[in-house]
Amino acid sequence: MPVANCPMPLAPADKNKRQDELIVLNVSGRRFQTWRTTLERYPDTLLGSTEKEFFFNEDTKEYFFDRDPEVFRCVLNFYRTGKLHYPRYECISAYDDELAFYGILPEIIGDCCYEEYKDRKRENAERLMDDNDSENNQESMPSLSFRQTMWRAFENPHTSTLALVFYYVTGFFIAVSVITNVVETVPCGTAPGSKELPCGERYSVAFFCLDTACVMIFTVEYLLRLFAAPSRYRFIRSVMSIIDVVAIMPYYIGLVMTNNEDVSGAFVTLRVFRVFRIFKFSRHSQGLRILGYTLKSCASELGFLLFSLTMAIIIFATVMFYAEKGSSASKFTSIPASFWYTIVTMTTLGLFVFCFQKLLEVLLRLRYLRVCIPVF
């Protein structure tokens, strides 16, 4: 008789297993099931002791806990595997509160997560210490000096109504300055006997008045910040201070320069620096500051990515050059000449350029058809 047709013998039953019981744990509406013996491995904890009977619901025949179900996953896995893990996305204070509720010591966190847990714990302690120090300083020094009050208003505009108004006014003029810098290059018709003029030259007085108003606001803001800075030397050397100076410098140099041909080219070059005014938005946008901090913290990873991309570009450009070397019509005359083809191919930029060119050709042909069809 084949073995496959033989009836399977009964599995050996453990005497302790017969006495085991499958229990249901309801954590804020999310149900978890486990064996009672699994929880009894750690009798010094809440779920492993008889204290959990205080949370037993006779109607539903389950244990109900009004706690965080996400952290409870880690707690239940600890009973199952004997290893406690720390989820990186979880708040450190909330995680400690959940462990304290279930009677689990954080010292038993696994080695894979303990360093992360200690770092988050230290950062949270330092943040709480800074908050306590700032509160104590405010209580011990209720009357700040005029410079300290100004600097506090600049760094935290929500401390007073006047600081908030100045914050929004400077943000408005930054937007006006950036928009003006763009609009003044748009063509605005032609003058008699001359070529097409941009709006900046056609309405030079209006744009000059707008630029003057913006620069005056920026200058007043910079001088007030310089006056209120705790360390003027460190303020002058800061990145935002350099951006402020570069943003307003072309205007004052343009007032000093005469309209001769020797300095007109240099003045046009200096006007390019006005585009740095857009970086002043970083002082008014928390998202931009967070992006800057993120790029700074990921500088090593971005450097490695750039290094890997450079290696791939050199390798594939070399392959393309030697593959097309025998062809007289090849445009890959050297390895550096092959770089552009490799870059646009790896970044999929070449496909976009090709599709854009084809779209322009189709639009032009449709325009010619619209002109030619009425003739027939």
# chains A, B, ... in the order shown; residues from 1 in each chain; ligands from 1
call {"tool": "residues_around", "arguments": {"residues": "range 212-224 of chain A", "least_positions_apart": "5", "cutoff": "8 Å", "atoms": "only C-alpha atoms", "output": "VMD selection string"}}
result
chain A and resid 170 173 to 174 176 to 177 241 244 248 251
call {"tool": "select_by_dssp", "arguments": {"residues": "range 145-316 of chain A", "states": "alpha helix (DSSP H)", "output": "PDB file with C-alpha atoms, in the first residue's frame"}}
result
ATOM      1  CA  PHE A 146      16.141  96.487  23.514  1.00  0.00           C
ATOM      2  CA  ARG A 147      18.630  94.609  21.312  1.00  0.00           C
ATOM      3  CA  GLN A 148      17.605  91.248  22.746  1.00  0.00           C
ATOM      4  CA  THR A 149      13.955  92.045  22.178  1.00  0.00           C
ATOM      5  CA  MET A 150      14.664  93.013  18.567  1.00  0.00           C
ATOM      6  CA  TRP A 151      16.696  89.884  17.877  1.00  0.00           C
ATOM      7  CA  ARG A 152      14.029  87.710  19.448  1.00  0.00           C
ATOM      8  CA  ALA A 153      11.416  89.375  17.249  1.00  0.00           C
ATOM      9  CA  PHE A 154      13.514  88.742  14.114  1.00  0.00           C
ATOM     10  CA  GLU A 155      14.170  85.090  14.960  1.00  0.00           C
ATOM     11  CA  THR A 161       2.188  91.727  16.463  1.00  0.00           C
ATOM     12  CA  LEU A 162       4.722  94.304  15.249  1.00  0.00           C
ATOM     13  CA  ALA A 163       7.295  91.597  14.517  1.00  0.00           C
ATOM     14  CA  LEU A 164       4.695  89.569  12.633  1.00  0.00           C
ATOM     15  CA  VAL A 165       3.694  92.588  10.528  1.00  0.00           C
ATOM     16  CA  PHE A 166       7.344  93.309   9.664  1.00  0.00           C
ATOM     17  CA  TYR A 167       7.802  89.621   8.814  1.00  0.00           C
ATOM     18  CA  TYR A 168       4.954  89.644   6.283  1.00  0.00           C
ATOM     19  CA  VAL A 169       5.961  93.043   4.851  1.00  0.00           C
ATOM     20  CA  THR A 170       9.510  91.878   4.116  1.00  0.00           C
ATOM     21  CA  GLY A 171       8.158  88.645   2.625  1.00  0.00           C
ATOM     22  CA  PHE A 172       5.844  90.654   0.357  1.00  0.00           C
ATOM     23  CA  PHE A 173       8.685  92.857  -0.890  1.00  0.00           C
ATOM     24  CA  ILE A 174      10.875  89.811  -1.526  1.00  0.00           C
ATOM     25  CA  ALA A 175       8.138  88.414  -3.770  1.00  0.00           C
ATOM     26  CA  VAL A 176       7.720  91.790  -5.507  1.00  0.00           C
ATOM     27  CA  SER A 177      11.473  92.035  -6.095  1.00  0.00           C
ATOM     28  CA  VAL A 178      11.718  88.550  -7.606  1.00  0.00           C
ATOM     29  CA  ILE A 179       8.672  89.099  -9.844  1.00  0.00           C
ATOM     30  CA  THR A 180      10.005  92.491 -10.958  1.00  0.00           C
ATOM     31  CA  ASN A 181      13.361  90.976 -11.831  1.00  0.00           C
ATOM     32  CA  VAL A 182      11.567  88.489 -14.098  1.00  0.00           C
ATOM     33  CA  VAL A 183       8.957  90.783 -15.666  1.00  0.00           C
ATOM     34  CA  CYS A 199       9.601  96.179 -20.159  1.00  0.00           C
ATOM     35  CA  GLY A 200      12.519  97.193 -17.952  1.00  0.00           C
ATOM     36  CA  GLU A 201      13.659  99.747 -20.529  1.00  0.00           C
ATOM     37  CA  ARG A 202      10.234 100.808 -21.769  1.00  0.00           C
ATOM     38  CA  SER A 204      12.294 102.224 -16.631  1.00  0.00           C
ATOM     39  CA  VAL A 205      10.950 104.776 -14.125  1.00  0.00           C
ATOM     40  CA  ALA A 206       8.283 102.430 -12.732  1.00  0.00           C
ATOM     41  CA  PHE A 207      10.700  99.524 -12.389  1.00  0.00           C
ATOM     42  CA  PHE A 208      13.323 101.783 -10.819  1.00  0.00           C
ATOM     43  CA  CYS A 209      10.808 102.941  -8.198  1.00  0.00           C
ATOM     44  CA  LEU A 210       9.826  99.355  -7.398  1.00  0.00           C
ATOM     45  CA  ASP A 211      13.458  98.314  -7.144  1.00  0.00           C
ATOM     46  CA  THR A 212      14.227 101.303  -4.918  1.00  0.00           C
ATOM     47  CA  ALA A 213      11.362 100.499  -2.550  1.00  0.00           C
ATOM     48  CA  CYS A 214      12.430  96.854  -2.281  1.00  0.00           C
ATOM     49  CA  VAL A 215      16.088  97.714  -1.703  1.00  0.00           C
ATOM     50  CA  MET A 216      15.177 100.257   0.971  1.00  0.00           C
ATOM     51  CA  ILE A 217      13.190  97.613   2.860  1.00  0.00           C
ATOM     52  CA  PHE A 218      16.033  95.092   2.505  1.00  0.00           C
ATOM     53  CA  THR A 219      18.602  97.648   3.660  1.00  0.00           C
ATOM     54  CA  VAL A 220      16.588  98.616   6.729  1.00  0.00           C
ATOM     55  CA  GLU A 221      16.077  94.949   7.596  1.00  0.00           C
ATOM     56  CA  TYR A 222      19.796  94.194   7.239  1.00  0.00           C
ATOM     57  CA  LEU A 223      20.865  97.166   9.361  1.00  0.00           C
ATOM     58  CA  LEU A 224      18.340  96.325  12.078  1.00  0.00           C
ATOM     59  CA  ARG A 225      19.501  92.710  12.141  1.00  0.00           C
ATOM     60  CA  LEU A 226      23.115  93.855  12.293  1.00  0.00           C
ATOM     61  CA  PHE A 227      22.292  96.164  15.196  1.00  0.00           C
ATOM     62  CA  ALA A 228      20.347  93.515  17.141  1.00  0.00           C
ATOM     63  CA  ARG A 232      27.897  91.126  14.871  1.00  0.00           C
ATOM     64  CA  TYR A 233      31.051  89.412  13.612  1.00  0.00           C
ATOM     65  CA  ARG A 234      29.321  86.035  13.406  1.00  0.00           C
ATOM     66  CA  PHE A 235      26.277  87.644  11.810  1.00  0.00           C
ATOM     67  CA  ILE A 236      28.350  89.263   9.051  1.00  0.00           C
ATOM     68  CA  ARG A 237      30.031  85.938   8.309  1.00  0.00           C
ATOM     69  CA  VAL A 239      25.374  82.754   4.844  1.00  0.00           C
ATOM     70  CA  MET A 240      22.117  84.702   5.077  1.00  0.00           C
ATOM     71  CA  SER A 241      24.014  87.932   5.779  1.00  0.00           C
ATOM     72  CA  ILE A 242      26.143  87.427   2.666  1.00  0.00           C
ATOM     73  CA  ILE A 243      22.987  86.760   0.635  1.00  0.00           C
ATOM     74  CA  ASP A 244      21.434  89.991   1.940  1.00  0.00           C
ATOM     75  CA  VAL A 245      24.507  92.022   0.948  1.00  0.00           C
ATOM     76  CA  VAL A 246      24.764  90.424  -2.494  1.00  0.00           C
ATOM     77  CA  ALA A 247      21.046  91.048  -3.085  1.00  0.00           C
ATOM     78  CA  ILE A 248      21.207  94.811  -2.441  1.00  0.00           C
ATOM     79  CA  MET A 249      24.745  95.514  -3.676  1.00  0.00           C
ATOM     80  CA  PRO A 250      23.904  95.883  -7.432  1.00  0.00           C
ATOM     81  CA  TYR A 251      21.444  98.694  -6.729  1.00  0.00           C
ATOM     82  CA  TYR A 252      23.920 100.918  -4.873  1.00  0.00           C
ATOM     83  CA  ILE A 253      26.721 100.193  -7.329  1.00  0.00           C
ATOM     84  CA  GLY A 254      24.366 101.158 -10.155  1.00  0.00           C
ATOM     85  CA  LEU A 255      23.707 104.528  -8.503  1.00  0.00           C
ATOM     86  CA  VAL A 256      27.412 105.280  -8.302  1.00  0.00           C
ATOM     87  CA  GLU A 261      30.424 102.276 -22.156  1.00  0.00           C
ATOM     88  CA  ASP A 262      33.320 101.106 -19.978  1.00  0.00           C
ATOM     89  CA  VAL A 263      31.197 100.302 -16.934  1.00  0.00           C
ATOM     90  CA  SER A 264      27.883  99.399 -18.568  1.00  0.00           C
ATOM     91  CA  GLY A 265      28.955  95.819 -19.208  1.00  0.00           C
ATOM     92  CA  ALA A 266      30.163  95.380 -15.643  1.00  0.00           C
ATOM     93  CA  PHE A 267      26.905  96.838 -14.314  1.00  0.00           C
ATOM     94  CA  VAL A 268      24.861  94.383 -16.405  1.00  0.00           C
ATOM     95  CA  THR A 269      26.932  91.557 -14.916  1.00  0.00           C
ATOM     96  CA  LEU A 270      26.300  92.836 -11.394  1.00  0.00           C
ATOM     97  CA  ARG A 271      22.551  92.927 -11.997  1.00  0.00           C
ATOM     98  CA  GLN A 286      10.361  76.621   7.363  1.00  0.00           C
ATOM     99  CA  GLY A 287      10.098  74.051   4.585  1.00  0.00           C
ATOM    100  CA  LEU A 288      13.074  75.542   2.733  1.00  0.00           C
ATOM    101  CA  ARG A 289      15.135  75.532   5.919  1.00  0.00           C
ATOM    102  CA  ILE A 290      14.252  71.896   6.533  1.00  0.00           C
ATOM    103  CA  LEU A 291      15.237  71.092   2.941  1.00  0.00           C
ATOM    104  CA  GLY A 292      18.569  72.823   3.442  1.00  0.00           C
ATOM    105  CA  TYR A 293      19.243  70.929   6.664  1.00  0.00           C
ATOM    106  CA  THR A 294      18.282  67.672   4.946  1.00  0.00           C
ATOM    107  CA  LEU A 295      20.674  68.257   2.045  1.00  0.00           C
ATOM    108  CA  LYS A 296      23.404  69.176   4.504  1.00  0.00           C
ATOM    109  CA  SER A 297      22.899  66.011   6.545  1.00  0.00           C
ATOM    110  CA  ALA A 299      25.920  65.490   1.836  1.00  0.00           C
ATOM    111  CA  SER A 300      27.985  62.295   2.037  1.00  0.00           C
ATOM    112  CA  GLU A 301      25.245  60.177   0.419  1.00  0.00           C
ATOM    113  CA  LEU A 302      24.727  62.754  -2.336  1.00  0.00           C
ATOM    114  CA  GLY A 303      28.486  62.869  -2.904  1.00  0.00           C
ATOM    115  CA  PHE A 304      28.593  59.094  -3.277  1.00  0.00           C
ATOM    116  CA  LEU A 305      25.648  59.246  -5.707  1.00  0.00           C
ATOM    117  CA  LEU A 306      27.440  61.884  -7.788  1.00  0.00           C
ATOM    118  CA  PHE A 307      30.638  59.824  -7.736  1.00  0.00           C
ATOM    119  CA  SER A 308      28.775  56.710  -8.919  1.00  0.00           C
ATOM    120  CA  LEU A 309      27.038  58.678 -11.671  1.00  0.00           C
ATOM    121  CA  THR A 310      30.373  60.120 -12.812  1.00  0.00           C
ATOM    122  CA  MET A 311      31.917  56.651 -13.006  1.00  0.00           C
ATOM    123  CA  ALA A 312      28.990  55.367 -15.078  1.00  0.00           C
ATOM    124  CA  ILE A 313      29.195  58.368 -17.418  1.00  0.00           C
ATOM    125  CA  ILE A 314      32.914  57.849 -18.024  1.00  0.00           C
ATOM    126  CA  ILE A 315      32.505  54.101 -18.627  1.00  0.00           C
ATOM    127  CA  PHE A 316      29.601  54.374 -21.072  1.00  0.00           C
TER     128      PHE A 316
END
call {"tool": "select_by_dssp", "arguments": {"residues": "range 138-269 of chain A", "states": "strand (DSSP E or B)", "output": "list in words"}}
result
Pro187, Cys188, Gly189, Thr190, Glu196, Leu197 and Pro198 of chain A
call {"tool": "write_last_selection", "arguments": {"atoms": "N, CA and C atoms", "output": "PDB file, in the first residue's frame"}}
result
ATOM      1  N   PRO A 187       9.499  91.269 -23.402  1.00  0.00           N
ATOM      2  CA  PRO A 187       9.354  92.296 -24.444  1.00  0.00           C
ATOM      3  C   PRO A 187       8.038  93.046 -24.304  1.00  0.00           C
ATOM      4  N   CYS A 188       8.098  94.375 -24.478  1.00  0.00           N
ATOM      5  CA  CYS A 188       6.913  95.232 -24.341  1.00  0.00           C
ATOM      6  C   CYS A 188       6.754  96.140 -25.550  1.00  0.00           C
ATOM      7  N   GLY A 189       6.907  95.620 -26.727  1.00  0.00           N
ATOM      8  CA  GLY A 189       6.722  96.427 -27.921  1.00  0.00           C
ATOM      9  C   GLY A 189       8.022  97.037 -28.407  1.00  0.00           C
ATOM     10  N   THR A 190       7.927  97.780 -29.477  1.00  0.00           N
ATOM     11  CA  THR A 190       9.096  98.401 -30.100  1.00  0.00           C
ATOM     12  C   THR A 190       8.972  99.912 -30.047  1.00  0.00           C
ATOM     13  N   GLU A 196      12.960  95.758 -30.650  1.00  0.00           N
ATOM     14  CA  GLU A 196      11.992  95.502 -29.589  1.00  0.00           C
ATOM     15  C   GLU A 196      12.622  95.752 -28.220  1.00  0.00           C
ATOM     16  N   LEU A 197      11.874  96.443 -27.365  1.00  0.00           N
ATOM     17  CA  LEU A 197      12.383  96.825 -26.049  1.00  0.00           C
ATOM     18  C   LEU A 197      11.777  95.946 -24.966  1.00  0.00           C
ATOM     19  N   PRO A 198      12.563  95.572 -23.963  1.00  0.00           N
ATOM     20  CA  PRO A 198      11.988  94.878 -22.806  1.00  0.00           C
ATOM     21  C   PRO A 198      11.243  95.861 -21.915  1.00  0.00           C
TER      22      PRO A 198
END
call {"tool": "residues_around", "arguments": {"residues": "Lys61 in chain A", "least_positions_apart": "5", "cutoff": "12 Å", "atoms": "only C-alpha atoms", "output": "ChimeraX atom specification"}}
result
/A:22-26,53,55-56
call {"tool": "closest_residue", "arguments": {"among": "A:Cys74, A:Ile104, A:Ala125, A:Met320", "to": "Leu47 in chain A", "atoms": "only C-alpha atoms"}}
result
A:Ile104
call {"tool": "atom_distance", "arguments": {"atom1": "CA of Tyr86 in chain A", "atom2": "CA of Tyr42 in chain A"}}
result
19.0 Å
call {"tool": "atom_distance", "arguments": {"atom1": "CA of Gly103 in chain A", "atom2": "CA of Glu123 in chain A"}}
result
24.0 Å
call {"tool": "atom_distance", "arguments": {"atom1": "CA of Ile108 in chain A", "atom2": "CA of Lys83 in chain A"}}
result
7.7 Å
call {"tool": "residues_around", "arguments": {"residues": "Ser49 in chain A", "least_positions_apart": "5", "cutoff": "10 Å", "atoms": "only C-alpha atoms", "output": "PDB file with C-alpha atoms, in the first residue's frame"}}
result
ATOM      1  CA  LEU A  39       2.323  35.783  27.824  1.00  0.00           C
ATOM      2  CA  GLU A  40       3.141  33.804  30.950  1.00  0.00           C
ATOM      3  CA  ARG A  41       6.800  33.596  29.934  1.00  0.00           C
ATOM      4  CA  TYR A  42       7.298  36.957  31.627  1.00  0.00           C
ATOM      5  CA  PRO A  43       5.234  36.878  34.832  1.00  0.00           C
ATOM      6  CA  ASP A  44       6.697  40.162  36.072  1.00  0.00           C
TER       7      ASP A  44
END
